[in-house]
Amino acid sequence: MESEIYLHAPGVLCALGDDLADIREAMFAGACPGMRVSDIYSPGRPLRLGFVDAPLPDTGFLPVEDRTRNNALALAAFARVEARYRALAAGLPTARIAVVIGTSTSGMFESESAARFLREHGAWPQGFHPLQQELGSPARALAASLGISGPAYAVSTACTSSAKALISGARLLYAGMADLVLAGGVDTLTRFTVAGFSALEAVSPEACLPFSKNRKGINIGEAGVLFLMSREKPAAGPSVTLAGWGESSDGHHISAPDPSGEGARRAVEAALDRARISADAVGYVNLHGTATRHNDAMEGWALSAIFSGVPMSSTKPLTGHTLGAAGALEAALCWLALTDAGRRLPPHLWDGAPDPEVPPLRFVAPGETTESPLKYALSLSSAFGGSNAALVLGGRGQMPGIRSVSAPSGRKG
């Protein structure tokens, strides 16, 4: 049978804000209220980072092993979709609801804080539990707090984690293992990640400049993003689908991408094939765009071989690179572009100085709009170890179906 996977309006907290309407306006305006210079995660070395400034819920009701800032951010993202979740979950057995979360930090903040306390005091601090670091904690905490008994697990493939969480959610729906999936990503700022990328000489103290010859590296950020995924079309408001996806693993190097872009190209072409569209049907591409020399070059070679004249942008100057949450966050920004009444596109913020060693791409100018409503957007994510994931989102109900196996629904009645 033919079916579609709908992506309901997401809950998002990032450097652009914590309300979807505010995030929309800040993004299209090229504003970045949560991006600022601080040395809180790199003492003595101020860096530009992307902060979530919204107050987060108390996690005291969770078991001690799930009391982390990462999980508080996940709960805050859920709070922004809770009303829609309650409506979609009504009448569903809890075993027919799944949770898939992409993360790379989990409780790393608590672990590194506890390690400092141990060095200073010779004992672990009260309230610390080693399982706070366990990568499945965000999915476990969400499932437990909602009474969900269906599949609940984490995906941790570095910067493709939450893109793969959305793909995993679609597979659960198509396989008939769930009727509703809570999927997305959450990662929080920590000293460990900032120090790690600094050791690679990949962090910029200034605003990152993707694809510029003057770039100095990435800005790291944090975010929590949750989508509700279902085969049930939204009763009101915009309709956005996960129309296609593609994955690849080029295995070129533990931290550097394949310079040819072959792995990323395969992921993008697989996503287009699954969506049953040609490259010229895509009206906007959200680049991985980390503002590092190797990634920019790889992405330039991969995408210039597929797309001609398609508007593209990296939104990482607006949010920072949110690591495991980046794929879901950038899917959410594509969701906002697909549903924008003003037909605006996310701008590419840089100094306008292209790198002559990178194939030229067509970057979105600030304030740019499309002549007709955007039908398809593609988001590309890449990660350490050669992991690549591409998502095609379709908007306004004009998407072809995707062939899947018919599966019985668990909905009562």
# chains A, B, ... in the order shown; residues from 1 in each chain; ligands from 1

$ residues_around --residues "segment 66-70 of chain A" --least-positions-apart "5" --cutoff "7 Å" --atoms "only C-alpha atoms" --output "VMD selection string"
chain A and resid 59 to 60 106 to 107 110 132 137 141 186 to 188

$ select_by_dssp --residues "segment 307-398 of chain A" --states "strand (DSSP E or B)" --output "list in words"
Met312, Ser313, His321, Arg344, Pro354, Phe363, Thr369, Tyr376, Ala377, Leu378, Ser379, Leu380, Ser381, Ser382, Ala383, Ser387, Asn388, Ala389, Ala390, Leu391, Val392, Leu393, Gly394 and Gly395 of chain A

$ select_by_dssp --residues "segment 71-295 of chain A" --states "alpha helix (DSSP H)" --output "PyMOL selection string"
chain A and resi 71-79+82-89+108-121+137-146+161-174+191-199+262-275+293-295

$ closest_residue --among "A:Pro238, A:Thr157, A:Leu200, A:Arg171" --to "Gly385 of chain A" --atoms "only C-alpha atoms"
A:Thr157

$ atom_distance --atom1 "atom CA of Phe78 of chain A" --atom2 "atom CA of Leu13 of chain A"
10.2 Å

$ residues_around --residues "Gly244 of chain A" --least-positions-apart "6" --cutoff "12 Å" --atoms "only C-alpha atoms" --output "VMD selection string"
chain A and resid 4 to 6 163 166 to 167 170 to 171 267 to 278 282 376 to 379 389 to 394 399 to 403

$ write_last_selection --atoms "N, CA and C atoms" --output "short mmCIF file (atom, residue, chain, number, x, y, z; two decimals), in the first residue's frame"
data_model
loop_
_atom_site.label_atom_id
_atom_site.label_comp_id
_atom_site.auth_asym_id
_atom_site.auth_seq_id
_atom_site.Cartn_x
_atom_site.Cartn_y
_atom_site.Cartn_z
N GLU A 4 2.19 7.69 3.83
CA GLU A 4 3.10 8.80 4.07
C GLU A 4 3.39 8.91 5.56
N ILE A 5 4.56 9.42 5.87
CA ILE A 5 4.93 9.67 7.24
C ILE A 5 4.85 11.17 7.48
N TYR A 6 3.98 11.56 8.39
CA TYR A 6 3.79 12.99 8.67
C TYR A 6 4.66 13.43 9.84
N ALA A 163 19.23 12.86 12.82
CA ALA A 163 18.69 12.58 11.48
C ALA A 163 18.36 11.10 11.38
N LEU A 166 15.11 10.17 13.21
CA LEU A 166 13.90 10.37 12.40
C LEU A 166 13.74 9.22 11.40
N ILE A 167 14.83 8.80 10.79
CA ILE A 167 14.77 7.67 9.87
C ILE A 167 14.31 6.41 10.60
N ALA A 170 10.62 6.50 11.14
CA ALA A 170 9.87 6.14 9.94
C ALA A 170 9.86 4.64 9.73
N ARG A 171 10.98 3.99 9.99
CA ARG A 171 11.05 2.54 9.81
C ARG A 171 10.13 1.81 10.78
N ALA A 267 24.19 9.25 -0.16
CA ALA A 267 23.08 9.45 0.78
C ALA A 267 22.02 10.36 0.17
N VAL A 268 22.44 11.44 -0.47
CA VAL A 268 21.49 12.37 -1.08
C VAL A 268 20.73 11.70 -2.22
N GLU A 269 21.43 10.96 -3.06
CA GLU A 269 20.76 10.31 -4.18
C GLU A 269 19.78 9.26 -3.69
N ALA A 270 20.12 8.54 -2.62
CA ALA A 270 19.20 7.55 -2.06
C ALA A 270 17.94 8.23 -1.51
N ALA A 271 18.12 9.39 -0.88
CA ALA A 271 16.96 10.13 -0.35
C ALA A 271 16.05 10.59 -1.47
N LEU A 272 16.63 11.08 -2.56
CA LEU A 272 15.82 11.51 -3.71
C LEU A 272 15.10 10.32 -4.34
N ASP A 273 15.79 9.19 -4.45
CA ASP A 273 15.16 7.99 -5.02
C ASP A 273 13.99 7.52 -4.16
N ARG A 274 14.18 7.53 -2.84
CA ARG A 274 13.10 7.07 -1.96
C ARG A 274 11.90 8.02 -2.03
N ALA A 275 12.18 9.31 -2.19
CA ALA A 275 11.10 10.29 -2.31
C ALA A 275 10.48 10.29 -3.70
N ARG A 276 11.12 9.59 -4.64
CA ARG A 276 10.64 9.50 -6.01
C ARG A 276 10.58 10.87 -6.68
N ILE A 277 11.61 11.64 -6.46
CA ILE A 277 11.69 12.96 -7.09
C ILE A 277 13.08 13.13 -7.71
N SER A 278 13.17 14.06 -8.63
CA SER A 278 14.47 14.39 -9.20
C SER A 278 15.08 15.54 -8.42
N VAL A 282 13.74 19.74 -5.75
CA VAL A 282 14.11 20.28 -4.44
C VAL A 282 14.27 21.79 -4.56
N TYR A 376 9.67 20.86 -1.71
CA TYR A 376 10.60 19.89 -1.12
C TYR A 376 11.83 20.61 -0.60
N ALA A 377 12.30 20.17 0.55
CA ALA A 377 13.56 20.65 1.11
C ALA A 377 14.39 19.43 1.49
N LEU A 378 15.69 19.54 1.34
CA LEU A 378 16.59 18.44 1.70
C LEU A 378 17.58 18.93 2.73
N SER A 379 17.82 18.10 3.74
CA SER A 379 18.82 18.41 4.77
C SER A 379 19.87 17.32 4.78
N ALA A 389 23.75 11.18 6.38
CA ALA A 389 22.30 10.99 6.37
C ALA A 389 21.65 12.18 5.69
N ALA A 390 20.75 11.90 4.76
CA ALA A 390 20.02 12.95 4.05
C ALA A 390 18.52 12.74 4.23
N LEU A 391 17.82 13.81 4.51
CA LEU A 391 16.37 13.77 4.69
C LEU A 391 15.71 14.65 3.64
N VAL A 392 14.66 14.16 3.01
CA VAL A 392 13.83 14.97 2.12
C VAL A 392 12.50 15.20 2.80
N LEU A 393 12.17 16.46 3.04
CA LEU A 393 10.88 16.83 3.60
C LEU A 393 10.00 17.41 2.50
N GLY A 394 8.75 17.00 2.49
CA GLY A 394 7.80 17.53 1.52
C GLY A 394 6.71 18.31 2.21
N MET A 399 3.03 15.62 -1.85
CA MET A 399 4.11 14.64 -1.86
C MET A 399 3.62 13.32 -2.42
N PRO A 400 4.46 12.61 -3.20
CA PRO A 400 4.10 11.26 -3.63
C PRO A 400 4.17 10.31 -2.45
N GLY A 401 3.43 9.22 -2.52
CA GLY A 401 3.50 8.24 -1.45
C GLY A 401 4.77 7.44 -1.52
N ILE A 402 5.06 6.73 -0.46
CA ILE A 402 6.22 5.85 -0.39
C ILE A 402 5.70 4.44 -0.14
N ARG A 403 6.17 3.49 -0.93
CA ARG A 403 5.68 2.12 -0.80
C ARG A 403 6.12 1.52 0.52
#

$ atom_distance --atom1 "atom CA of Asn214 of chain A" --atom2 "atom CA of Ala353 of chain A"
7.2 Å

$ residues_around --residues "Asp296 of chain A" --least-positions-apart "4" --cutoff "12 Å" --atoms "only C-alpha atoms" --output "JSON list (two decimals) with C-alpha atoms, in the first residue's frame"
[["chain", "number", "residue", "atom", "x", "y", "z"],
["A", 209, "LEU", "CA", 31.75, 31.32, 8.12],
["A", 210, "PRO", "CA", 30.67, 28.21, 6.19],
["A", 211, "PHE", "CA", 32.29, 27.91, 2.74],
["A", 212, "SER", "CA", 34.33, 31.09, 3.17],
["A", 213, "LYS", "CA", 38.04, 31.14, 2.46],
["A", 215, "ARG", "CA", 36.61, 30.46, 7.94],
["A", 216, "LYS", "CA", 38.22, 29.50, 11.24],
["A", 217, "GLY", "CA", 36.10, 26.54, 12.28],
["A", 218, "ILE", "CA", 32.82, 25.69, 13.94],
["A", 256, "ALA", "CA", 37.75, 13.48, 8.36],
["A", 257, "PRO", "CA", 35.18, 12.99, 5.56],
["A", 258, "ASP", "CA", 35.95, 11.42, 2.21],
["A", 259, "PRO", "CA", 37.27, 14.43, 0.28],
["A", 260, "SER", "CA", 35.54, 13.26, -2.90],
["A", 261, "GLY", "CA", 32.11, 13.62, -1.29],
["A", 264, "ALA", "CA", 27.43, 12.18, 1.02],
["A", 287, "LEU", "CA", 23.83, 22.18, 4.27],
["A", 288, "HIS", "CA", 25.76, 20.42, 7.00],
["A", 289, "GLY", "CA", 28.01, 23.48, 6.60],
["A", 290, "THR", "CA", 30.32, 23.27, 9.60],
["A", 291, "ALA", "CA", 32.78, 25.92, 8.35],
["A", 292, "THR", "CA", 35.67, 23.49, 8.49],
["A", 300, "GLY", "CA", 30.79, 21.21, -2.19],
["A", 301, "TRP", "CA", 31.95, 18.31, -4.36],
["A", 302, "ALA", "CA", 28.98, 16.11, -3.36],
["A", 303, "LEU", "CA", 26.20, 18.64, -3.91],
["A", 304, "SER", "CA", 27.56, 20.43, -6.97],
["A", 313, "SER", "CA", 22.40, 27.57, 3.22],
["A", 314, "SER", "CA", 24.13, 26.46, 6.38],
["A", 354, "PRO", "CA", 34.14, 31.93, -1.50],
["A", 355, "ASP", "CA", 36.89, 29.36, -1.12],
["A", 356, "PRO", "CA", 38.36, 28.88, -4.61],
["A", 357, "GLU", "CA", 39.15, 25.24, -3.75],
["A", 358, "VAL", "CA", 35.46, 24.42, -3.12],
["A", 359, "PRO", "CA", 33.02, 23.95, -6.02],
["A", 360, "PRO", "CA", 30.61, 26.90, -6.07],
["A", 361, "LEU", "CA", 27.12, 26.46, -4.63],
["A", 382, "SER", "CA", 27.61, 14.15, 8.09]]

$ residues_around --residues "Pro234 of chain A" --least-positions-apart "3" --cutoff "7 Å" --atoms "only C-alpha atoms" --output "list in words"
His8, Gly237 and Ser239 of chain A

$ atom_distance --atom1 "atom CA of Ala152 of chain A" --atom2 "atom CA of Ser230 of chain A"
15.8 Å

$ closest_residue --among "A:Arg231, A:Arg80, A:His321, A:His252" --to "Val203 of chain A" --atoms "only C-alpha atoms"
A:His321

$ residues_around --residues "Leu349 of chain A" --least-positions-apart "4" --cutoff "10 Å" --atoms "only C-alpha atoms" --output "list in words"
Gly30, Ala31, Ala207, Cys208, Leu209, Pro210, Ser313, Ser314, Thr315, Lys316, Pro317, Leu318, Phe363, Val364, Ala365 and Pro366 of chain A

$ write_last_selection --atoms "N, CA and C atoms" --output "compact mmCIF listing (two decimals), in the first residue's frame"
# COMPACT_ATOMS: atom_id res chain seq x y z
N GLY A 30 17.87 36.30 10.15
CA GLY A 30 19.30 36.14 10.33
C GLY A 30 19.77 36.56 11.70
N ALA A 31 18.86 36.56 12.68
CA ALA A 31 19.21 36.92 14.05
C ALA A 31 19.61 35.66 14.81
N ALA A 207 32.13 34.25 14.87
CA ALA A 207 31.03 33.64 14.14
C ALA A 207 31.58 32.77 13.01
N CYS A 208 31.08 31.55 12.90
CA CYS A 208 31.57 30.65 11.87
C CYS A 208 31.15 31.15 10.48
N LEU A 209 31.96 30.82 9.48
CA LEU A 209 31.75 31.32 8.12
C LEU A 209 31.77 30.14 7.15
N PRO A 210 30.68 29.38 7.07
CA PRO A 210 30.67 28.21 6.19
C PRO A 210 30.99 28.57 4.74
N SER A 313 21.81 26.80 2.12
CA SER A 313 22.40 27.57 3.22
C SER A 313 22.81 26.64 4.34
N SER A 314 23.81 27.08 5.10
CA SER A 314 24.13 26.46 6.38
C SER A 314 23.53 27.35 7.46
N THR A 315 22.76 26.76 8.35
CA THR A 315 22.13 27.52 9.43
C THR A 315 22.96 27.46 10.72
N LYS A 316 24.14 26.87 10.65
CA LYS A 316 24.96 26.74 11.86
C LYS A 316 25.46 28.07 12.42
N PRO A 317 25.64 29.14 11.61
CA PRO A 317 25.95 30.43 12.23
C PRO A 317 24.83 30.95 13.14
N LEU A 318 23.59 30.45 12.93
CA LEU A 318 22.44 30.89 13.71
C LEU A 318 22.22 30.05 14.97
N PHE A 363 24.14 30.03 -2.77
CA PHE A 363 23.78 30.33 -1.38
C PHE A 363 22.59 31.30 -1.30
N VAL A 364 21.77 31.09 -0.27
CA VAL A 364 20.59 31.93 -0.04
C VAL A 364 21.02 33.29 0.50
N ALA A 365 20.58 34.35 -0.14
CA ALA A 365 20.86 35.71 0.33
C ALA A 365 19.88 36.09 1.44
N PRO A 366 20.28 36.91 2.40
CA PRO A 366 19.36 37.37 3.44
C PRO A 366 18.11 38.00 2.81

$ closest_residue --among "A:Ala175, A:Leu374, A:Ala305, A:Met298" --to "Leu338 of chain A" --atoms "only C-alpha atoms"
A:Leu374
